[in-house]
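Below is start_22.txt, holding compact mmCIF, N, CA and C atoms.
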```
# COMPACT_ATOMS: atom_id res chain seq x y z
N MET A 8 172.97 -19.52 -81.30
CA MET A 8 174.17 -18.83 -81.77
C MET A 8 173.73 -17.54 -82.44
N ASN A 9 174.42 -16.48 -82.12
CA ASN A 9 174.01 -15.21 -82.71
C ASN A 9 174.62 -15.02 -84.10
N THR A 10 174.27 -13.93 -84.73
CA THR A 10 174.67 -13.68 -86.11
C THR A 10 176.18 -13.59 -86.27
N ILE A 11 176.87 -12.91 -85.35
CA ILE A 11 178.32 -12.77 -85.47
C ILE A 11 178.98 -14.14 -85.44
N SER A 12 178.58 -14.97 -84.48
CA SER A 12 179.16 -16.30 -84.38
C SER A 12 178.85 -17.16 -85.60
N SER A 13 177.62 -17.10 -86.08
CA SER A 13 177.25 -17.94 -87.22
C SER A 13 178.00 -17.52 -88.49
N ILE A 14 178.22 -16.23 -88.66
CA ILE A 14 178.99 -15.75 -89.81
C ILE A 14 180.43 -16.22 -89.70
N ALA A 15 181.03 -16.08 -88.51
CA ALA A 15 182.42 -16.48 -88.31
C ALA A 15 182.59 -17.99 -88.45
N VAL A 16 181.66 -18.78 -87.92
CA VAL A 16 181.75 -20.24 -88.06
C VAL A 16 181.61 -20.64 -89.52
N SER A 17 180.70 -20.00 -90.22
CA SER A 17 180.53 -20.25 -91.64
C SER A 17 181.81 -19.92 -92.41
N GLY A 18 182.42 -18.79 -92.08
CA GLY A 18 183.68 -18.40 -92.72
C GLY A 18 184.81 -19.36 -92.41
N ALA A 19 184.86 -19.86 -91.17
CA ALA A 19 185.90 -20.84 -90.79
C ALA A 19 185.71 -22.14 -91.56
N HIS A 20 184.46 -22.57 -91.73
CA HIS A 20 184.20 -23.78 -92.52
C HIS A 20 184.60 -23.58 -93.98
N ALA A 21 184.32 -22.41 -94.52
CA ALA A 21 184.70 -22.12 -95.91
C ALA A 21 186.22 -22.12 -96.05
N ALA A 22 186.91 -21.52 -95.09
CA ALA A 22 188.38 -21.51 -95.13
C ALA A 22 188.94 -22.91 -95.02
N SER A 23 188.33 -23.72 -94.19
CA SER A 23 188.76 -25.11 -94.04
C SER A 23 188.58 -25.88 -95.35
N THR A 24 187.48 -25.65 -96.02
CA THR A 24 187.23 -26.30 -97.32
C THR A 24 188.28 -25.86 -98.34
N ARG A 25 188.60 -24.57 -98.34
CA ARG A 25 189.62 -24.06 -99.26
C ARG A 25 190.99 -24.65 -98.96
N LEU A 26 191.33 -24.83 -97.67
CA LEU A 26 192.59 -25.48 -97.29
C LEU A 26 192.62 -26.92 -97.78
N ASP A 27 191.52 -27.64 -97.60
CA ASP A 27 191.44 -29.03 -98.04
C ASP A 27 191.61 -29.16 -99.55
N VAL A 28 190.96 -28.28 -100.30
CA VAL A 28 191.03 -28.34 -101.76
C VAL A 28 192.44 -27.99 -102.24
N ALA A 29 193.06 -26.99 -101.65
CA ALA A 29 194.43 -26.64 -102.03
C ALA A 29 195.39 -27.79 -101.74
N ALA A 30 195.23 -28.43 -100.58
CA ALA A 30 196.08 -29.57 -100.23
C ALA A 30 195.86 -30.73 -101.21
N HIS A 31 194.63 -30.96 -101.57
CA HIS A 31 194.30 -32.00 -102.55
C HIS A 31 194.97 -31.72 -103.90
N ASN A 32 194.90 -30.48 -104.33
CA ASN A 32 195.51 -30.10 -105.61
C ASN A 32 197.02 -30.25 -105.57
N ILE A 33 197.64 -29.86 -104.48
CA ILE A 33 199.10 -29.97 -104.36
C ILE A 33 199.52 -31.43 -104.32
N ALA A 34 198.79 -32.24 -103.56
CA ALA A 34 199.13 -33.66 -103.44
C ALA A 34 198.99 -34.41 -104.77
N ASN A 35 198.09 -33.97 -105.61
CA ASN A 35 197.84 -34.67 -106.87
C ASN A 35 198.42 -33.97 -108.09
N ALA A 36 199.30 -33.01 -107.89
CA ALA A 36 199.85 -32.22 -109.00
C ALA A 36 200.57 -33.07 -110.04
N GLN A 37 201.18 -34.15 -109.62
CA GLN A 37 201.95 -35.00 -110.55
C GLN A 37 201.12 -36.14 -111.15
N THR A 38 199.86 -36.22 -110.82
CA THR A 38 198.99 -37.27 -111.35
C THR A 38 198.64 -36.97 -112.80
N PRO A 39 198.91 -37.91 -113.71
CA PRO A 39 198.57 -37.67 -115.13
C PRO A 39 197.07 -37.43 -115.32
N GLY A 40 196.73 -36.41 -116.07
CA GLY A 40 195.33 -36.10 -116.38
C GLY A 40 194.57 -35.46 -115.23
N PHE A 41 195.29 -35.01 -114.22
CA PHE A 41 194.63 -34.41 -113.04
C PHE A 41 193.99 -33.08 -113.38
N GLN A 42 192.77 -32.91 -112.92
CA GLN A 42 192.06 -31.63 -113.04
C GLN A 42 191.95 -31.02 -111.65
N ARG A 43 192.45 -29.80 -111.52
CA ARG A 43 192.40 -29.10 -110.24
C ARG A 43 190.96 -28.87 -109.79
N GLN A 44 190.80 -28.86 -108.49
CA GLN A 44 189.51 -28.50 -107.91
C GLN A 44 189.55 -27.03 -107.51
N VAL A 45 188.40 -26.41 -107.51
CA VAL A 45 188.26 -25.02 -107.07
C VAL A 45 187.07 -24.92 -106.13
N VAL A 46 187.13 -23.95 -105.23
CA VAL A 46 186.04 -23.72 -104.29
C VAL A 46 185.27 -22.49 -104.74
N HIS A 47 183.97 -22.64 -104.84
CA HIS A 47 183.10 -21.51 -105.16
C HIS A 47 182.39 -21.11 -103.87
N GLN A 48 182.43 -19.83 -103.54
CA GLN A 48 181.78 -19.31 -102.35
C GLN A 48 180.67 -18.36 -102.74
N GLN A 49 179.58 -18.44 -101.99
CA GLN A 49 178.45 -17.56 -102.25
C GLN A 49 177.87 -17.13 -100.90
N SER A 50 177.60 -15.84 -100.78
CA SER A 50 177.02 -15.36 -99.52
C SER A 50 175.58 -15.86 -99.39
N GLN A 51 175.18 -16.07 -98.14
CA GLN A 51 173.83 -16.54 -97.85
C GLN A 51 173.00 -15.38 -97.31
N GLU A 52 171.74 -15.40 -97.60
CA GLU A 52 170.86 -14.34 -97.11
C GLU A 52 170.77 -14.33 -95.60
N THR A 53 170.84 -15.50 -95.00
CA THR A 53 170.69 -15.60 -93.55
C THR A 53 171.99 -15.36 -92.80
N ALA A 54 173.02 -14.93 -93.49
CA ALA A 54 174.35 -14.62 -92.93
C ALA A 54 175.31 -15.77 -93.15
N GLY A 55 176.50 -15.43 -93.49
CA GLY A 55 177.52 -16.45 -93.70
C GLY A 55 177.79 -16.70 -95.17
N VAL A 56 178.45 -17.81 -95.42
CA VAL A 56 178.85 -18.16 -96.77
C VAL A 56 178.61 -19.63 -97.02
N MET A 57 178.27 -19.95 -98.25
CA MET A 57 178.06 -21.33 -98.66
C MET A 57 179.17 -21.67 -99.65
N THR A 58 179.72 -22.88 -99.55
CA THR A 58 180.79 -23.29 -100.46
C THR A 58 180.37 -24.51 -101.26
N SER A 59 180.94 -24.62 -102.44
CA SER A 59 180.81 -25.82 -103.26
C SER A 59 182.14 -26.04 -103.96
N VAL A 60 182.44 -27.29 -104.24
CA VAL A 60 183.71 -27.65 -104.86
C VAL A 60 183.42 -28.12 -106.29
N GLY A 61 184.19 -27.59 -107.23
CA GLY A 61 184.07 -27.99 -108.63
C GLY A 61 185.44 -28.23 -109.23
N LYS A 62 185.48 -28.59 -110.48
CA LYS A 62 186.75 -28.81 -111.18
C LYS A 62 186.92 -27.78 -112.29
N VAL A 63 188.19 -27.45 -112.56
CA VAL A 63 188.47 -26.54 -113.67
C VAL A 63 188.41 -27.33 -114.97
N ASP A 64 188.25 -26.63 -116.07
CA ASP A 64 188.13 -27.30 -117.36
C ASP A 64 189.44 -27.88 -117.88
N GLU A 65 190.54 -27.15 -117.66
CA GLU A 65 191.82 -27.59 -118.20
C GLU A 65 192.51 -28.60 -117.28
N VAL A 66 193.33 -29.44 -117.87
CA VAL A 66 194.10 -30.45 -117.14
C VAL A 66 195.44 -29.84 -116.76
N GLY A 67 195.92 -30.15 -115.55
CA GLY A 67 197.24 -29.70 -115.13
C GLY A 67 197.20 -28.97 -113.81
N ALA A 68 198.38 -28.86 -113.22
CA ALA A 68 198.53 -28.24 -111.91
C ALA A 68 198.82 -26.75 -112.02
N ASP A 69 198.53 -26.03 -110.96
CA ASP A 69 198.91 -24.63 -110.82
C ASP A 69 199.36 -24.46 -109.37
N LEU A 70 200.59 -24.91 -109.10
CA LEU A 70 201.09 -24.93 -107.74
C LEU A 70 201.14 -23.55 -107.11
N ALA A 71 201.50 -22.54 -107.89
CA ALA A 71 201.57 -21.18 -107.35
C ALA A 71 200.20 -20.74 -106.84
N ALA A 72 199.18 -20.95 -107.62
CA ALA A 72 197.83 -20.56 -107.23
C ALA A 72 197.37 -21.34 -106.00
N ASP A 73 197.71 -22.63 -105.96
CA ASP A 73 197.29 -23.45 -104.82
C ASP A 73 198.02 -23.07 -103.54
N LEU A 74 199.30 -22.72 -103.63
CA LEU A 74 200.04 -22.29 -102.45
C LEU A 74 199.51 -20.96 -101.92
N VAL A 75 199.21 -20.04 -102.82
CA VAL A 75 198.65 -18.75 -102.41
C VAL A 75 197.26 -18.97 -101.80
N ALA A 76 196.46 -19.82 -102.40
CA ALA A 76 195.12 -20.11 -101.88
C ALA A 76 195.21 -20.72 -100.49
N GLN A 77 196.21 -21.57 -100.28
CA GLN A 77 196.39 -22.20 -98.98
C GLN A 77 196.76 -21.16 -97.91
N MET A 78 197.66 -20.26 -98.24
CA MET A 78 198.04 -19.21 -97.29
C MET A 78 196.87 -18.28 -97.00
N GLU A 79 196.15 -17.89 -98.04
CA GLU A 79 195.00 -17.00 -97.88
C GLU A 79 193.92 -17.66 -97.01
N ALA A 80 193.64 -18.93 -97.25
CA ALA A 80 192.63 -19.64 -96.47
C ALA A 80 193.06 -19.76 -95.01
N SER A 81 194.34 -19.96 -94.78
CA SER A 81 194.86 -20.04 -93.42
C SER A 81 194.64 -18.72 -92.68
N TYR A 82 194.92 -17.61 -93.33
CA TYR A 82 194.70 -16.29 -92.72
C TYR A 82 193.20 -16.04 -92.48
N ASN A 83 192.36 -16.43 -93.43
CA ASN A 83 190.92 -16.27 -93.26
C ASN A 83 190.41 -17.10 -92.09
N TYR A 84 190.92 -18.31 -91.95
CA TYR A 84 190.52 -19.19 -90.85
C TYR A 84 190.87 -18.54 -89.51
N LYS A 85 192.10 -18.05 -89.39
CA LYS A 85 192.54 -17.40 -88.16
C LYS A 85 191.71 -16.16 -87.85
N ALA A 86 191.39 -15.38 -88.86
CA ALA A 86 190.58 -14.18 -88.66
C ALA A 86 189.19 -14.52 -88.15
N ASN A 87 188.58 -15.56 -88.71
CA ASN A 87 187.26 -15.97 -88.26
C ASN A 87 187.29 -16.50 -86.83
N LEU A 88 188.33 -17.25 -86.48
CA LEU A 88 188.45 -17.72 -85.11
C LEU A 88 188.64 -16.56 -84.14
N LYS A 89 189.39 -15.56 -84.54
CA LYS A 89 189.58 -14.37 -83.70
C LYS A 89 188.25 -13.63 -83.51
N THR A 90 187.44 -13.60 -84.55
CA THR A 90 186.12 -12.97 -84.46
C THR A 90 185.25 -13.69 -83.43
N ILE A 91 185.28 -15.02 -83.46
CA ILE A 91 184.50 -15.80 -82.49
C ILE A 91 185.02 -15.54 -81.09
N GLN A 92 186.32 -15.52 -80.92
CA GLN A 92 186.92 -15.27 -79.61
C GLN A 92 186.53 -13.88 -79.09
N THR A 93 186.60 -12.88 -79.92
CA THR A 93 186.26 -11.51 -79.52
C THR A 93 184.79 -11.41 -79.15
N GLN A 94 183.94 -12.05 -79.91
CA GLN A 94 182.50 -12.03 -79.63
C GLN A 94 182.22 -12.71 -78.29
N GLU A 95 182.89 -13.81 -78.01
CA GLU A 95 182.71 -14.50 -76.73
C GLU A 95 183.18 -13.63 -75.57
N GLN A 96 184.27 -12.90 -75.75
CA GLN A 96 184.76 -12.00 -74.71
C GLN A 96 183.77 -10.86 -74.47
N MET A 97 183.18 -10.36 -75.55
CA MET A 97 182.20 -9.28 -75.42
C MET A 97 180.97 -9.75 -74.64
N VAL A 98 180.49 -10.94 -74.94
CA VAL A 98 179.34 -11.50 -74.23
C VAL A 98 179.69 -11.70 -72.76
N GLY A 99 180.90 -12.19 -72.49
CA GLY A 99 181.33 -12.36 -71.10
C GLY A 99 181.39 -11.04 -70.35
N SER A 100 181.88 -10.00 -71.03
CA SER A 100 181.95 -8.68 -70.40
C SER A 100 180.56 -8.13 -70.10
N ILE A 101 179.63 -8.34 -71.01
CA ILE A 101 178.26 -7.86 -70.80
C ILE A 101 177.65 -8.60 -69.61
N LEU A 102 177.89 -9.91 -69.52
CA LEU A 102 177.35 -10.67 -68.39
C LEU A 102 177.98 -10.23 -67.07
N ASP A 103 179.26 -9.90 -67.10
CA ASP A 103 179.93 -9.41 -65.89
C ASP A 103 179.32 -8.09 -65.43
N VAL A 104 179.03 -7.20 -66.38
CA VAL A 104 178.46 -5.89 -66.04
C VAL A 104 177.05 -6.05 -65.47
N LYS A 105 176.27 -6.94 -66.06
CA LYS A 105 174.88 -7.12 -65.61
C LYS A 105 174.79 -7.93 -64.33
N ALA A 106 175.80 -8.70 -64.00
CA ALA A 106 175.74 -9.56 -62.80
C ALA A 106 175.94 -8.82 -61.52
```

Render the structure in this file as structure tokens.
Amino acid sequence: MNTISSIAVSGAHAASTRLDVAAHNIANAQTPGFQRQVVHQQSQETAGVMTSVGKVDEVGADLAADLVAQMEASYNYKANLKTIQTQEQMVGSILDVKA
């Protein structure tokens, strides 16, 4: 897998993790003593992003933040998939030209 694909796949995985965490937070918003989870992202030297999930210090829900995070992660996921699709089309075009 080349660098473009590995970066896009890494980004899609990070977006998926952010979607999962936001859904978890929304589903558990009414649970007494619930602590929201957050996703920490860090760029990797070899290309892409690494994610980890942690908890916030305060107890309670933040539905607005979780809904916005869910929408943002959805857009990021779609953008990364489009990047993979475009890269595959470019490789196909190069192979067509060389064939």

Q: From the DSSP assignment of the backbone, select every residue of chain A that is strand (DSSP E), and format the answer as a list in words.
A: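 Matching residues, listed in order: Gln44, Val45, Val46, His47, Gln48, Gln49, Ser50, Val56, Met57, Thr58, Ser59, Val60, Gly61 and Lys62 of chain A.
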
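Coordinates place atom N of Gln48 (chain A) at a distance of 17.0 Å from CA of His31 (chain A).
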
Could you pull out the residues in region 34-92 of chain A that DSSP calls alpha helix (DSSP H) from the backbone, as a PDB file with N, CA and C atoms, in the frame of the given file?
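As written to disk, result.pdb reads:
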```pdb
ATOM      1  N   ALA A  34     198.790 -32.240-103.560  1.00  0.00           N
ATOM      2  CA  ALA A  34     199.130 -33.660-103.440  1.00  0.00           C
ATOM      3  C   ALA A  34     198.990 -34.410-104.770  1.00  0.00           C
ATOM      4  N   LEU A  70     200.590 -24.910-109.100  1.00  0.00           N
ATOM      5  CA  LEU A  70     201.090 -24.930-107.740  1.00  0.00           C
ATOM      6  C   LEU A  70     201.140 -23.550-107.110  1.00  0.00           C
ATOM      7  N   ALA A  71     201.500 -22.540-107.890  1.00  0.00           N
ATOM      8  CA  ALA A  71     201.570 -21.180-107.350  1.00  0.00           C
ATOM      9  C   ALA A  71     200.200 -20.740-106.840  1.00  0.00           C
ATOM     10  N   ALA A  72     199.180 -20.950-107.620  1.00  0.00           N
ATOM     11  CA  ALA A  72     197.830 -20.560-107.230  1.00  0.00           C
ATOM     12  C   ALA A  72     197.370 -21.340-106.000  1.00  0.00           C
ATOM     13  N   ASP A  73     197.710 -22.630-105.960  1.00  0.00           N
ATOM     14  CA  ASP A  73     197.290 -23.450-104.820  1.00  0.00           C
ATOM     15  C   ASP A  73     198.020 -23.070-103.540  1.00  0.00           C
ATOM     16  N   LEU A  74     199.300 -22.720-103.630  1.00  0.00           N
ATOM     17  CA  LEU A  74     200.040 -22.290-102.450  1.00  0.00           C
ATOM     18  C   LEU A  74     199.510 -20.960-101.920  1.00  0.00           C
ATOM     19  N   VAL A  75     199.210 -20.040-102.820  1.00  0.00           N
ATOM     20  CA  VAL A  75     198.650 -18.750-102.410  1.00  0.00           C
ATOM     21  C   VAL A  75     197.260 -18.970-101.800  1.00  0.00           C
ATOM     22  N   ALA A  76     196.460 -19.820-102.400  1.00  0.00           N
ATOM     23  CA  ALA A  76     195.120 -20.110-101.880  1.00  0.00           C
ATOM     24  C   ALA A  76     195.210 -20.720-100.490  1.00  0.00           C
ATOM     25  N   GLN A  77     196.210 -21.570-100.280  1.00  0.00           N
ATOM     26  CA  GLN A  77     196.390 -22.200 -98.980  1.00  0.00           C
ATOM     27  C   GLN A  77     196.760 -21.160 -97.910  1.00  0.00           C
ATOM     28  N   MET A  78     197.660 -20.260 -98.240  1.00  0.00           N
ATOM     29  CA  MET A  78     198.040 -19.210 -97.290  1.00  0.00           C
ATOM     30  C   MET A  78     196.870 -18.280 -97.000  1.00  0.00           C
ATOM     31  N   GLU A  79     196.150 -17.890 -98.040  1.00  0.00           N
ATOM     32  CA  GLU A  79     195.000 -17.000 -97.880  1.00  0.00           C
ATOM     33  C   GLU A  79     193.920 -17.660 -97.010  1.00  0.00           C
ATOM     34  N   ALA A  80     193.640 -18.930 -97.250  1.00  0.00           N
ATOM     35  CA  ALA A  80     192.630 -19.640 -96.470  1.00  0.00           C
ATOM     36  C   ALA A  80     193.060 -19.760 -95.010  1.00  0.00           C
ATOM     37  N   SER A  81     194.340 -19.960 -94.780  1.00  0.00           N
ATOM     38  CA  SER A  81     194.860 -20.040 -93.420  1.00  0.00           C
ATOM     39  C   SER A  81     194.640 -18.720 -92.680  1.00  0.00           C
ATOM     40  N   TYR A  82     194.920 -17.610 -93.330  1.00  0.00           N
ATOM     41  CA  TYR A  82     194.700 -16.290 -92.720  1.00  0.00           C
ATOM     42  C   TYR A  82     193.200 -16.040 -92.480  1.00  0.00           C
ATOM     43  N   ASN A  83     192.360 -16.430 -93.430  1.00  0.00           N
ATOM     44  CA  ASN A  83     190.920 -16.270 -93.260  1.00  0.00           C
ATOM     45  C   ASN A  83     190.410 -17.100 -92.090  1.00  0.00           C
ATOM     46  N   TYR A  84     190.920 -18.310 -91.950  1.00  0.00           N
ATOM     47  CA  TYR A  84     190.520 -19.190 -90.850  1.00  0.00           C
ATOM     48  C   TYR A  84     190.870 -18.540 -89.510  1.00  0.00           C
ATOM     49  N   LYS A  85     192.100 -18.050 -89.390  1.00  0.00           N
ATOM     50  CA  LYS A  85     192.540 -17.400 -88.160  1.00  0.00           C
ATOM     51  C   LYS A  85     191.710 -16.160 -87.850  1.00  0.00           C
ATOM     52  N   ALA A  86     191.390 -15.380 -88.860  1.00  0.00           N
ATOM     53  CA  ALA A  86     190.580 -14.180 -88.660  1.00  0.00           C
ATOM     54  C   ALA A  86     189.190 -14.520 -88.150  1.00  0.00           C
ATOM     55  N   ASN A  87     188.580 -15.560 -88.710  1.00  0.00           N
ATOM     56  CA  ASN A  87     187.260 -15.970 -88.260  1.00  0.00           C
ATOM     57  C   ASN A  87     187.290 -16.500 -86.830  1.00  0.00           C
ATOM     58  N   LEU A  88     188.330 -17.250 -86.480  1.00  0.00           N
ATOM     59  CA  LEU A  88     188.450 -17.720 -85.110  1.00  0.00           C
ATOM     60  C   LEU A  88     188.640 -16.560 -84.140  1.00  0.00           C
ATOM     61  N   LYS A  89     189.390 -15.560 -84.540  1.00  0.00           N
ATOM     62  CA  LYS A  89     189.580 -14.370 -83.700  1.00  0.00           C
ATOM     63  C   LYS A  89     188.250 -13.630 -83.510  1.00  0.00           C
ATOM     64  N   THR A  90     187.440 -13.600 -84.550  1.00  0.00           N
ATOM     65  CA  THR A  90     186.120 -12.970 -84.460  1.00  0.00           C
ATOM     66  C   THR A  90     185.250 -13.690 -83.430  1.00  0.00           C
ATOM     67  N   ILE A  91     185.280 -15.020 -83.460  1.00  0.00           N
ATOM     68  CA  ILE A  91     184.500 -15.800 -82.490  1.00  0.00           C
ATOM     69  C   ILE A  91     185.020 -15.540 -81.090  1.00  0.00           C
ATOM     70  N   GLN A  92     186.320 -15.520 -80.920  1.00  0.00           N
ATOM     71  CA  GLN A  92     186.920 -15.270 -79.610  1.00  0.00           C
ATOM     72  C   GLN A  92     186.530 -13.880 -79.090  1.00  0.00           C
TER      73      GLN A  92
END
```

Q: Using only N, CA and C atoms, pick whichever of A:Ala29, A:Val16, A:Ala34, A:Ile11 has the shortest atom-to-atom distance to Val46 (chain A).
A: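 Closest residue, counting only N, CA and C atoms: A:Ala29.
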
Q. Which polymer residues have any atom within 8 Å of an atom of Ser23 (chain A), counting all atoms listed in the file, with same-chain residues fewer than 6 positions away left out, as number ranges by chain?
A. A: 17, 29, 80-81, 83-84

(Q) Need the shell around Ala54 (chain A): protein/DNA/RNA residues with any atom at most 12 Å away, counting only C-alpha atoms. Skip same-chain ones fewer than 4 positions apart. Format as a PyMOL selection string? (A) chain A and resi 8-18+49-50

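The shortest atom-to-atom distance to Ala68 (chain A), with all atoms listed in the file taken into account, belongs to A:Asn32 out of A:Asn87, A:Gln94, A:Gln51, A:Asn32.
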
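Going from CA of Thr93 (chain A) over to CA of Met78 (chain A), you cover 22.7 Å.
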
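Atom pair CA of Arg43 (chain A) / CA of Gly67 (chain A): separated by 6.9 Å.
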
Q | Glu79 (chain A) surroundings by all atoms listed in the file, 8 Å radius, close-in-sequence under 5 positions cut, as JSON, numbers by chain | A | {"A": [22, 25, 26, 73, 74, 84, 85]}

Could you write out that same residue set with N, CA and C atoms as an mmCIF file, keeping the file's coordinate frame?
```cif
data_model
loop_
_atom_site.group_PDB
_atom_site.id
_atom_site.type_symbol
_atom_site.label_atom_id
_atom_site.label_comp_id
_atom_site.auth_asym_id
_atom_site.auth_seq_id
_atom_site.Cartn_x
_atom_site.Cartn_y
_atom_site.Cartn_z
ATOM 1 N N ALA A 22 186.910 -21.520 -95.090
ATOM 2 C CA ALA A 22 188.380 -21.510 -95.130
ATOM 3 C C ALA A 22 188.940 -22.910 -95.020
ATOM 4 N N ARG A 25 188.600 -24.570 -98.340
ATOM 5 C CA ARG A 25 189.620 -24.060 -99.260
ATOM 6 C C ARG A 25 190.990 -24.650 -98.960
ATOM 7 N N LEU A 26 191.330 -24.830 -97.670
ATOM 8 C CA LEU A 26 192.590 -25.480 -97.290
ATOM 9 C C LEU A 26 192.620 -26.920 -97.780
ATOM 10 N N ASP A 73 197.710 -22.630 -105.960
ATOM 11 C CA ASP A 73 197.290 -23.450 -104.820
ATOM 12 C C ASP A 73 198.020 -23.070 -103.540
ATOM 13 N N LEU A 74 199.300 -22.720 -103.630
ATOM 14 C CA LEU A 74 200.040 -22.290 -102.450
ATOM 15 C C LEU A 74 199.510 -20.960 -101.920
ATOM 16 N N TYR A 84 190.920 -18.310 -91.950
ATOM 17 C CA TYR A 84 190.520 -19.190 -90.850
ATOM 18 C C TYR A 84 190.870 -18.540 -89.510
ATOM 19 N N LYS A 85 192.100 -18.050 -89.390
ATOM 20 C CA LYS A 85 192.540 -17.400 -88.160
ATOM 21 C C LYS A 85 191.710 -16.160 -87.850
#
```

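With only N, CA and C atoms as the atoms that count, the minimum distance from Pro39 (chain A) to the choices A:Val66, A:Gly55, A:Gln92, A:Ala86 is reached by A:Val66.
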
Q: Determine the nearest neighbour of Thr58 (chain A) from the options A:Thr38, A:Ala19, A:Thr24, A:Leu88, counting only C-alpha atoms.
A: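 So, comparing all the options, the nearest one is A:Thr24.
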